[in-house]
Protein chains: 2
Amino acid sequence: MQQAVIAIHGGAGTITREAMDPAREREYTEALQRVLQAGQRILADGGTALDAVTEAVRLLEECPLFNAGKGAVLTHAGTYELDAAVMDGATRDAGAVACVTRLRNPVLAARAVLDHSEHVLFAGAGAEEFAAAQGLELVAQDYYFTQARHEQWQRARGTAGMALLDHDAAALAARKNPAVPADPIDPDSKFGTVGAVACDSRGNLAAATSTGGVTNKRVGRVGDTPVIGAGCYADDLVAVSATGTGEMFIRTVAAHDVSAQMRYAGLPLEESARRVVMEKLVAIEGRGGLIAVDRAGNVTLPFNTEGMYRGFARVGEAVNVSIYG
Amino acid sequence: MQQAVIAIHGGAGTITREAMDPAREREYTEALQRVLQAGQRILADGGTALDAVTEAVRLLEECPLFNAGKGAVLTHAGTYELDAAVMDGATRDAGAVACVTRLRNPVLAARAVLDHSEHVLFAGAGAEEFAAAQGLELVAQDYYFTQARHEQWQRARGTAGMALLDHDAAALAARKNPAVPADPIDPDSKFGTVGAVACDSRGNLAAATSTGGVTNKRVGRVGDTPVIGAGCYADDLVAVSATGTGEMFIRTVAAHDVSAQMRYAGLPLEESARRVVMEKLVAIEGRGGLIAVDRAGNVTLPFNTEGMYRGFARVGEAVNVSIYG
């Protein structure tokens with residue numbers, strides 16, 4: 001019997017102690033702890049890694065602090081478009097949805113694709129029809145609304161009209177008008193993906209990832225989150241969930257590359273993940289991080305940004321949560 | 001100066017000499033030759049691998065014999081939904097579109113994403129808006145129509161309503177009603193992706209892939225074609241374009257795995273591609289093949305089906321085209 005473990009992230013970016021007030025910091029810390037405890041309980045009860053990561057990401061989607069599900073960022077058109085994926089290392093089966101606009105929990109739709117479809121990836125209205133046929137909850141776009149994200153979008157729109165990664169919006173607003181303090185919610189959302197990886201007591205691995213994308217993104221833009229091998233990947237060696245400038249994670253096939261270096265070059269988990277995050281992504285100006293767990297239960301949480309909301313919890317041990325570098 | 005080379009495929013599946021009449025066989029052979037000659041000319045004139053693969057796939061999209069662009073298969077709803085991707089090994093930049101319904105040449109949209117967008121992947125209407133803003137040609141759905149694909153779809157609809165891979169449609173029709181001979185076009189289209197890979201005279205690599213998907217597929221289903229690392233991938237070592245049961249190519253991250261085995265395990269091109277097609281895909285019942293070229297100009301075209309429309313052409317040498325195993 002393996003000592004089961006779950007790790008989660010809530011996005012990476014320019015998170016500094018100076019930009020964060022104590023009340024806000026406590027909110028994030030407690031949210032991460034609650035999610036980890038829920039995943040820990042599933043694993044302690046003999047649940048699968050797949051069930052633990054699905055539930056952890058569902059809870060992160062429900063939490064308005066993070067850029068996934070409720071609390072997602074807005075597109076250039078002022079709409080919400082969400083992506084999610086889940087992969088089961090035991091079977092190497094996967095499910096993903098892209099550009100969905102009406103699903104309360106995109107990760108549950110990804111899981112339904114894994115469980116109930118011969119396909120792996122659905123986009124747009126077809127994804128929603130499939131999810132609705134599986135009995136999943138549909139919501140109006142208003143459901144995703146939070147005041148903080150809306151203000152962030154308005155600031156991003158006020159610039160040259162570029163897609164701004166979440167943190168940049170706050171930094172730019174502060175720079176353009178020093179009298180406007182950076183929104184306290186901005187520091188948490190630059191690369192505002194959420195994700196989870198787990199190793200269960202049978203040594204099986206799983207990964208799940210979900211996101212609202214980047215603030216003010218073009219309609220139809222899909223990042224690395226629903227791309228199996230880029231933002232989400234699991235097999236018999238390792239499970240990986242990534243967060244960052246999605247395009248760079250797609251181009252480097254980042255999550256699969258962690259596994260490939262372990263399998264073919266014999267690198268240990270930590271070194272394999274470090275090379276992807278600190279060397280390969282950096283070489284093409286990719287920013288962000290990833291969380292990964294191997295079948296021996298080793299955990300690594302590297303990032304090349306100032307901070308990443310993250311944590312892990314082994315069954316029977318205390319929960320670990322961190323924000324800064 | 002490297003001797004430049006281009007390779008293409010027009011899909012893999014149950015292609016047997018018995019099911020193919022000589023006139024049809026000549027049509028396919030000549031179409032593949034024409035496309036290879038066009039790619040060969042670009043490379044001979046000092047063009048880039050990226051330009052050669054984009055043009056080769058554009059020509060395959062224009063040809064109604066293949067399941068991409070004109071001649072694409074129909075979804076369950078009787079509509080057309082197309083996917084395409086292109087990747088430049090020299091810069092490791094990529095562009096892809098998924099679920100597009102109004103673009104004459106999806107591969108040109110993928111190329112426009114690579115050239116003119118900070119993003120890598122666009123889905124649905126957002127992809128079309130981007131392509132239209134880049135001046136690319138929009139068409140009505142009628143443009144994609146061919147009588148042969150429509151009849152194939154009608155036969156597939158007549159079955160249990162499952163998504164049928166193109167060849168299966170013909171095989172099933174023949175089985176259900178032995179008096180109805182298999183449509184001569186069916187043997188060409190089972191895994192009816194098209195693709196190209198090339199190595200130019202500077203030793204730079206590129207890959208492009210385009211598809212209409214599988215006959216009678218669910219609306220919104222996206223296969224491996226626009227998933228960078230699965231159906232299309234290029235870097236400084238190798239360029240890969242795949243065709244087959246897309247879900248299995250996504251789950252094995254097939255195209256990137258060819259590169260990873262070369263880079264980390266030191267395997268030569270042919271052995272690396274063989275392991276993916278003949279072992280890893282087979283282990284999860286994945287069927288199809290891939291074409292790959294490395295920076296030394298080596299070419300490999302493995303498939304685990306009875307046939308694959310394929311060929312390659314080195315600058316200054318005769319064009320090679322094959323259909324059967």
# chains A, B, ... in the order shown; residues from 1 in each chain; ligands from 1
>>> interface_residues(of="chain B", to="chain A", cutoff="9 Å", atoms="only C-alpha atoms", output="MDAnalysis selection string")
chainID B and resid 87 92:94 98:99 118:127 129:130 218:224 227:230 233 246:248 250:253 256:257 260:261 263:266 284
>>> residues_around(residues="Thr75 (chain A)", least_positions_apart="4", cutoff="8 Å", atoms="only C-alpha atoms", output="list of chain:residue names")
A:Thr79, A:Tyr80, A:Glu81, A:Trp153, A:Val214, A:Thr215, A:Asn216, A:Lys217, A:Arg218, A:Val219
>>> atom_distance(atom1="CA of Gly307 (chain B)", atom2="CA of Thr14 (chain B)")
6.0 Å
>>> residues_around(residues="Thr146 (chain A)", least_positions_apart="4", cutoff="10 Å", atoms="only C-alpha atoms", output="PyMOL selection string")
chain A and resi 64-65+70-73+142+150-151
>>> residues_around(residues="Arg314 (chain A)", least_positions_apart="5", cutoff="9 Å", atoms="only C-alpha atoms", output="PyMOL selection string")
chain A and resi 3-7+40+43+297+319
>>> atom_distance(atom1="CA of Leu36 (chain A)", atom2="CA of Ala56 (chain A)")
7.0 Å
>>> residues_around(residues="Glu25 (chain A)", least_positions_apart="4", cutoff="12 Å", atoms="only C-alpha atoms", output="ChimeraX atom specification")
/A:15-21,29-32,65,184-185,187-188,309,321-324
>>> write_last_selection(atoms="N, CA, C and O atoms", output="JSON list (two decimals), in the first residue's frame")
[["chain", "number", "residue", "atom", "x", "y", "z"],
["A", 15, "ILE", "N", 3.17, 37.14, -7.64],
["A", 15, "ILE", "CA", 2.57, 37.20, -6.31],
["A", 15, "ILE", "C", 3.67, 37.56, -5.33],
["A", 15, "ILE", "O", 4.59, 36.77, -5.12],
["A", 16, "THR", "N", 3.61, 38.74, -4.76],
["A", 16, "THR", "CA", 4.63, 39.13, -3.78],
["A", 16, "THR", "C", 3.96, 39.48, -2.46],
["A", 16, "THR", "O", 2.80, 39.89, -2.43],
["A", 17, "ARG", "N", 4.69, 39.33, -1.39],
["A", 17, "ARG", "CA", 4.17, 39.64, -0.06],
["A", 17, "ARG", "C", 3.71, 41.10, 0.00],
["A", 17, "ARG", "O", 2.72, 41.43, 0.63],
["A", 18, "GLU", "N", 4.46, 41.98, -0.71],
["A", 18, "GLU", "CA", 4.16, 43.42, -0.65],
["A", 18, "GLU", "C", 2.77, 43.72, -1.24],
["A", 18, "GLU", "O", 2.07, 44.62, -0.81],
["A", 19, "ALA", "N", 2.38, 42.96, -2.28],
["A", 19, "ALA", "CA", 1.13, 43.26, -2.98],
["A", 19, "ALA", "C", -0.07, 42.60, -2.30],
["A", 19, "ALA", "O", -1.21, 42.81, -2.70],
["A", 20, "MET", "N", 0.18, 41.78, -1.30],
["A", 20, "MET", "CA", -0.88, 40.97, -0.68],
["A", 20, "MET", "C", -1.16, 41.46, 0.73],
["A", 20, "MET", "O", -0.23, 41.60, 1.52],
["A", 21, "ASP", "N", -2.43, 41.71, 1.05],
["A", 21, "ASP", "CA", -2.69, 42.06, 2.45],
["A", 21, "ASP", "C", -3.00, 40.79, 3.25],
["A", 21, "ASP", "O", -3.38, 39.77, 2.69],
["A", 29, "THR", "N", -5.02, 31.01, 1.58],
["A", 29, "THR", "CA", -4.43, 29.88, 2.31],
["A", 29, "THR", "C", -5.52, 28.92, 2.77],
["A", 29, "THR", "O", -5.40, 27.70, 2.61],
["A", 30, "GLU", "N", -6.59, 29.49, 3.32],
["A", 30, "GLU", "CA", -7.67, 28.63, 3.83],
["A", 30, "GLU", "C", -8.38, 27.90, 2.70],
["A", 30, "GLU", "O", -8.77, 26.74, 2.84],
["A", 31, "ALA", "N", -8.55, 28.57, 1.57],
["A", 31, "ALA", "CA", -9.21, 27.92, 0.43],
["A", 31, "ALA", "C", -8.39, 26.73, -0.05],
["A", 31, "ALA", "O", -8.92, 25.64, -0.30],
["A", 32, "LEU", "N", -7.08, 26.94, -0.17],
["A", 32, "LEU", "CA", -6.21, 25.84, -0.62],
["A", 32, "LEU", "C", -6.23, 24.69, 0.39],
["A", 32, "LEU", "O", -6.28, 23.51, 0.00],
["A", 65, "LEU", "N", -12.16, 32.83, -5.82],
["A", 65, "LEU", "CA", -10.81, 33.39, -5.73],
["A", 65, "LEU", "C", -9.95, 32.99, -6.92],
["A", 65, "LEU", "O", -8.96, 33.64, -7.23],
["A", 184, "PRO", "N", -6.41, 44.02, -5.13],
["A", 184, "PRO", "CA", -5.80, 42.93, -4.35],
["A", 184, "PRO", "C", -6.04, 41.56, -4.96],
["A", 184, "PRO", "O", -5.31, 40.62, -4.70],
["A", 185, "ILE", "N", -7.06, 41.44, -5.81],
["A", 185, "ILE", "CA", -7.30, 40.12, -6.37],
["A", 185, "ILE", "C", -6.37, 39.83, -7.53],
["A", 185, "ILE", "O", -6.16, 38.69, -7.90],
["A", 187, "PRO", "N", -3.08, 39.94, -7.92],
["A", 187, "PRO", "CA", -1.87, 39.15, -7.74],
["A", 187, "PRO", "C", -2.09, 37.64, -7.78],
["A", 187, "PRO", "O", -1.15, 36.88, -7.89],
["A", 188, "ASP", "N", -3.32, 37.22, -7.68],
["A", 188, "ASP", "CA", -3.55, 35.78, -7.61],
["A", 188, "ASP", "C", -3.86, 35.18, -8.94],
["A", 188, "ASP", "O", -4.09, 34.00, -9.05],
["A", 309, "TYR", "N", 0.19, 29.77, -6.15],
["A", 309, "TYR", "CA", -0.69, 29.20, -5.13],
["A", 309, "TYR", "C", -0.58, 27.70, -5.25],
["A", 309, "TYR", "O", -0.88, 27.13, -6.29],
["A", 321, "VAL", "N", 0.70, 24.31, 2.55],
["A", 321, "VAL", "CA", 0.25, 25.31, 1.58],
["A", 321, "VAL", "C", 1.28, 26.43, 1.48],
["A", 321, "VAL", "O", 1.84, 26.85, 2.50],
["A", 322, "SER", "N", 1.56, 26.90, 0.27],
["A", 322, "SER", "CA", 2.50, 28.01, 0.07],
["A", 322, "SER", "C", 2.00, 28.92, -1.04],
["A", 322, "SER", "O", 1.22, 28.51, -1.90],
["A", 323, "ILE", "N", 2.47, 30.16, -1.00],
["A", 323, "ILE", "CA", 2.10, 31.13, -2.04],
["A", 323, "ILE", "C", 3.35, 31.70, -2.72],
["A", 323, "ILE", "O", 3.43, 31.73, -3.93],
["A", 324, "TYR", "N", 4.33, 32.11, -1.95],
["A", 324, "TYR", "CA", 5.47, 32.84, -2.51],
["A", 324, "TYR", "C", 6.61, 31.90, -2.86],
["A", 324, "TYR", "O", 6.59, 30.73, -2.54]]
>>> closest_residue(among="B:Val35, B:Ala318, B:Ala84, B:Ala49", to="Asn204 (chain B)", atoms="only C-alpha atoms")
B:Ala49
>>> select_by_dssp(residues="region 17-186 of chain A", states="alpha helix (DSSP H)", output="PyMOL selection string")
chain A and resi 22-44+49-62+106-116+124-133+147-157+166-176
>>> write_last_selection(atoms="C-alpha atoms", output="mmCIF file, in the first residue's frame")
data_model
loop_
_atom_site.group_PDB
_atom_site.id
_atom_site.type_symbol
_atom_site.label_atom_id
_atom_site.label_comp_id
_atom_site.auth_asym_id
_atom_site.auth_seq_id
_atom_site.Cartn_x
_atom_site.Cartn_y
_atom_site.Cartn_z
ATOM 1 C CA PRO A 22 -2.935 39.646 5.401
ATOM 2 C CA ALA A 23 -6.713 39.130 5.135
ATOM 3 C CA ARG A 24 -6.479 38.244 1.463
ATOM 4 C CA GLU A 25 -3.533 35.940 2.102
ATOM 5 C CA ARG A 26 -5.525 34.121 4.767
ATOM 6 C CA GLU A 27 -8.448 33.702 2.380
ATOM 7 C CA TYR A 28 -6.258 32.017 -0.209
ATOM 8 C CA THR A 29 -4.429 29.878 2.307
ATOM 9 C CA GLU A 30 -7.668 28.632 3.826
ATOM 10 C CA ALA A 31 -9.214 27.923 0.435
ATOM 11 C CA LEU A 32 -6.211 25.844 -0.618
ATOM 12 C CA GLN A 33 -6.268 23.991 2.709
ATOM 13 C CA ARG A 34 -9.965 23.145 2.376
ATOM 14 C CA VAL A 35 -9.484 21.745 -1.117
ATOM 15 C CA LEU A 36 -6.470 19.683 -0.083
ATOM 16 C CA GLN A 37 -8.340 18.300 2.926
ATOM 17 C CA ALA A 38 -11.217 17.223 0.698
ATOM 18 C CA GLY A 39 -8.806 15.436 -1.659
ATOM 19 C CA GLN A 40 -6.975 13.906 1.286
ATOM 20 C CA ARG A 41 -10.261 12.489 2.646
ATOM 21 C CA ILE A 42 -11.089 10.820 -0.677
ATOM 22 C CA LEU A 43 -7.652 9.210 -0.797
ATOM 23 C CA ALA A 44 -7.773 8.202 2.877
ATOM 24 C CA ALA A 49 -6.462 9.395 -7.723
ATOM 25 C CA LEU A 50 -8.887 10.152 -10.562
ATOM 26 C CA ASP A 51 -11.744 10.866 -8.129
ATOM 27 C CA ALA A 52 -9.504 12.938 -5.856
ATOM 28 C CA VAL A 53 -8.240 15.258 -8.616
ATOM 29 C CA THR A 54 -11.689 15.649 -10.147
ATOM 30 C CA GLU A 55 -13.183 16.716 -6.818
ATOM 31 C CA ALA A 56 -10.266 19.009 -5.940
ATOM 32 C CA VAL A 57 -10.586 20.847 -9.253
ATOM 33 C CA ARG A 58 -14.366 21.016 -8.911
ATOM 34 C CA LEU A 59 -13.908 22.760 -5.545
ATOM 35 C CA LEU A 60 -11.360 25.160 -7.059
ATOM 36 C CA GLU A 61 -13.882 25.942 -9.832
ATOM 37 C CA GLU A 62 -16.522 26.669 -7.175
ATOM 38 C CA PRO A 106 -15.998 22.192 -16.814
ATOM 39 C CA VAL A 107 -13.915 19.556 -15.022
ATOM 40 C CA LEU A 108 -17.014 17.404 -14.539
ATOM 41 C CA ALA A 109 -17.666 17.653 -18.273
ATOM 42 C CA ALA A 110 -14.088 16.573 -18.961
ATOM 43 C CA ARG A 111 -14.594 13.664 -16.564
ATOM 44 C CA ALA A 112 -17.861 12.714 -18.309
ATOM 45 C CA VAL A 113 -16.031 12.684 -21.652
ATOM 46 C CA LEU A 114 -13.437 10.358 -20.105
ATOM 47 C CA ASP A 115 -16.067 8.090 -18.548
ATOM 48 C CA HIS A 116 -18.818 8.060 -21.149
ATOM 49 C CA GLY A 124 -17.915 24.633 -27.882
ATOM 50 C CA ALA A 125 -21.621 23.900 -28.121
ATOM 51 C CA GLY A 126 -20.966 20.232 -28.906
ATOM 52 C CA ALA A 127 -19.194 19.897 -25.558
ATOM 53 C CA GLU A 128 -22.136 21.498 -23.768
ATOM 54 C CA GLU A 129 -24.661 19.254 -25.513
ATOM 55 C CA PHE A 130 -22.660 16.205 -24.495
ATOM 56 C CA ALA A 131 -22.378 17.416 -20.889
ATOM 57 C CA ALA A 132 -26.068 18.296 -20.686
ATOM 58 C CA ALA A 133 -26.980 14.839 -21.997
ATOM 59 C CA GLN A 147 -16.808 42.156 -9.512
ATOM 60 C CA ALA A 148 -13.050 41.817 -9.239
ATOM 61 C CA ARG A 149 -12.667 40.046 -12.602
ATOM 62 C CA HIS A 150 -14.977 42.526 -14.261
ATOM 63 C CA GLU A 151 -12.907 45.473 -13.051
ATOM 64 C CA GLN A 152 -9.747 43.714 -14.144
ATOM 65 C CA TRP A 153 -11.236 43.236 -17.626
ATOM 66 C CA GLN A 154 -12.268 46.889 -17.795
ATOM 67 C CA ARG A 155 -8.716 47.935 -16.998
ATOM 68 C CA ALA A 156 -7.333 45.549 -19.620
ATOM 69 C CA ARG A 157 -9.761 46.942 -22.208
ATOM 70 C CA ASP A 166 -4.174 38.593 -15.173
ATOM 71 C CA HIS A 167 -1.364 40.026 -13.103
ATOM 72 C CA ASP A 168 -0.185 42.306 -15.849
ATOM 73 C CA ALA A 169 -3.563 43.992 -15.800
ATOM 74 C CA ALA A 170 -3.052 45.102 -12.227
ATOM 75 C CA ALA A 171 0.570 46.055 -12.745
ATOM 76 C CA LEU A 172 -0.288 48.069 -15.829
ATOM 77 C CA ALA A 173 -3.202 49.814 -14.165
ATOM 78 C CA ALA A 174 -0.959 50.798 -11.282
ATOM 79 C CA ARG A 175 1.739 52.014 -13.668
ATOM 80 C CA LYS A 176 -0.608 54.021 -15.859
#
>>> atom_distance(atom1="CA of Arg310 (chain B)", atom2="CA of Gly10 (chain B)")
6.3 Å
>>> select_by_dssp(residues="region 35-241 of chain B", states="strand (DSSP E or B)", output="VMD selection string")
chain B and resid 75 82 to 88 93 to 100 103 121 to 123 138 191 193 to 199 205 to 211 217 221 to 222 228 232 to 234 238 to 241
